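Working notes, structure below.
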Amino acid sequence: MRAKDGTSRKFVLLDWAIVTCASVLQVCRTRLARLGTPPTGESTIPQQSPAAEIVLQRLTRVRLSNGAVQIRGTVLAEFAAGDRQTTVYVGFCPPFEVLPQAQANIVEDMEADIKLTQVLHNGMQFEVRLSEAAEESIALPIDFLASEGDH
């Protein structure tokens, strides 16, 4: 069967399929726009300015001149209003081959105590206790160090 202008049936069906697909695609784009979903290729992650970001944890893994591995960094111990104690965990990935030696210190001059409660191959945990309950939400920076052998 041929179209009136002599075009073969295959090309008529192909043309019909392309037009149908284009129509369906347009309907899908319209519906996605109504839902507020960005078209394919655009990020769904909200963009924030650097001023709105708060670094919760930063760590660096280094190999010392003696060959030992050391992880050092800073983590925030966050307290909600009314809290007096919080627990912080820092994960090591990949884990140390041997159990590391670790320490942690409060950076700011604040009346608070810090206690290492657990040191494992894959991380360390410590408790931070304020001398009195926080009046408002606060975050104390804690410096930490974990290393193979003596440091």
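Labels used: A, B, ... for chains in the order of the structure tokens, numbers from 1 for residues in each chain, and numbers from 1 for ligands as shown.
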
Please provide the set of residues having any atom within 9 Å of region 127-132 of chain A, restricted to only C-alpha atoms, with same-chain residues fewer than 6 positions apart removed, written as a ChimeraX atom specification. /A:77,82-89,106,110-117

Just the selected residues (N, CA and C atoms), exported as a PDB file, in the first residue's frame, please.
ATOM      1  N   ALA A  77      30.762  19.203  67.530  1.00  0.00           N
ATOM      2  CA  ALA A  77      29.913  18.579  68.547  1.00  0.00           C
ATOM      3  C   ALA A  77      28.725  19.520  68.708  1.00  0.00           C
ATOM      4  N   GLY A  82      19.239  23.338  75.842  1.00  0.00           N
ATOM      5  CA  GLY A  82      18.875  22.471  76.958  1.00  0.00           C
ATOM      6  C   GLY A  82      19.762  21.237  77.099  1.00  0.00           C
ATOM      7  N   ASP A  83      20.532  20.905  76.055  1.00  0.00           N
ATOM      8  CA  ASP A  83      21.426  19.741  76.122  1.00  0.00           C
ATOM      9  C   ASP A  83      22.679  20.083  76.926  1.00  0.00           C
ATOM     10  N   ARG A  84      23.204  19.054  77.554  1.00  0.00           N
ATOM     11  CA  ARG A  84      24.437  19.230  78.307  1.00  0.00           C
ATOM     12  C   ARG A  84      25.521  18.286  77.825  1.00  0.00           C
ATOM     13  N   GLN A  85      25.133  17.203  77.152  1.00  0.00           N
ATOM     14  CA  GLN A  85      26.093  16.194  76.704  1.00  0.00           C
ATOM     15  C   GLN A  85      25.735  15.728  75.303  1.00  0.00           C
ATOM     16  N   THR A  86      26.755  15.420  74.519  1.00  0.00           N
ATOM     17  CA  THR A  86      26.551  14.844  73.187  1.00  0.00           C
ATOM     18  C   THR A  86      27.653  13.838  72.907  1.00  0.00           C
ATOM     19  N   THR A  87      27.351  12.905  72.020  1.00  0.00           N
ATOM     20  CA  THR A  87      28.319  11.889  71.602  1.00  0.00           C
ATOM     21  C   THR A  87      28.651  12.130  70.142  1.00  0.00           C
ATOM     22  N   VAL A  88      29.935  12.058  69.829  1.00  0.00           N
ATOM     23  CA  VAL A  88      30.414  12.284  68.470  1.00  0.00           C
ATOM     24  C   VAL A  88      31.184  11.045  68.017  1.00  0.00           C
ATOM     25  N   TYR A  89      30.937  10.634  66.769  1.00  0.00           N
ATOM     26  CA  TYR A  89      31.652   9.498  66.187  1.00  0.00           C
ATOM     27  C   TYR A  89      32.326   9.949  64.899  1.00  0.00           C
ATOM     28  N   ILE A 106      38.964  20.009  72.602  1.00  0.00           N
ATOM     29  CA  ILE A 106      38.017  21.079  72.296  1.00  0.00           C
ATOM     30  C   ILE A 106      38.819  22.286  71.836  1.00  0.00           C
ATOM     31  N   MET A 110      35.947  26.952  76.101  1.00  0.00           N
ATOM     32  CA  MET A 110      34.577  26.748  76.578  1.00  0.00           C
ATOM     33  C   MET A 110      34.653  25.807  77.765  1.00  0.00           C
ATOM     34  N   GLU A 111      33.800  26.027  78.727  1.00  0.00           N
ATOM     35  CA  GLU A 111      33.794  25.141  79.883  1.00  0.00           C
ATOM     36  C   GLU A 111      33.107  23.841  79.510  1.00  0.00           C
ATOM     37  N   ALA A 112      33.923  22.896  79.068  1.00  0.00           N
ATOM     38  CA  ALA A 112      33.413  21.592  78.644  1.00  0.00           C
ATOM     39  C   ALA A 112      34.515  20.558  78.809  1.00  0.00           C
ATOM     40  N   ASP A 113      34.103  19.323  78.984  1.00  0.00           N
ATOM     41  CA  ASP A 113      35.041  18.206  79.099  1.00  0.00           C
ATOM     42  C   ASP A 113      34.832  17.266  77.928  1.00  0.00           C
ATOM     43  N   ILE A 114      35.913  16.613  77.522  1.00  0.00           N
ATOM     44  CA  ILE A 114      35.830  15.642  76.439  1.00  0.00           C
ATOM     45  C   ILE A 114      36.440  14.341  76.930  1.00  0.00           C
ATOM     46  N   LYS A 115      35.800  13.229  76.558  1.00  0.00           N
ATOM     47  CA  LYS A 115      36.267  11.907  77.014  1.00  0.00           C
ATOM     48  C   LYS A 115      36.187  10.942  75.845  1.00  0.00           C
ATOM     49  N   LEU A 116      37.319  10.344  75.488  1.00  0.00           N
ATOM     50  CA  LEU A 116      37.324   9.285  74.472  1.00  0.00           C
ATOM     51  C   LEU A 116      36.641   8.071  75.062  1.00  0.00           C
ATOM     52  N   THR A 117      35.588   7.603  74.419  1.00  0.00           N
ATOM     53  CA  THR A 117      34.860   6.452  74.948  1.00  0.00           C
ATOM     54  C   THR A 117      35.144   5.178  74.172  1.00  0.00           C
TER      55      THR A 117
END

Mind pulling up the distance from CA of Ala139 (chain A) to CA of Ala81 (chain A)? 10.8 Å

Name all residues at most 9 Å from Ile142 (chain A) (count only C-alpha atoms; drop same-chain ones fewer than 6 positions away) and give them as an MDAnalysis selection string. chainID A and resid 73:77 104:108
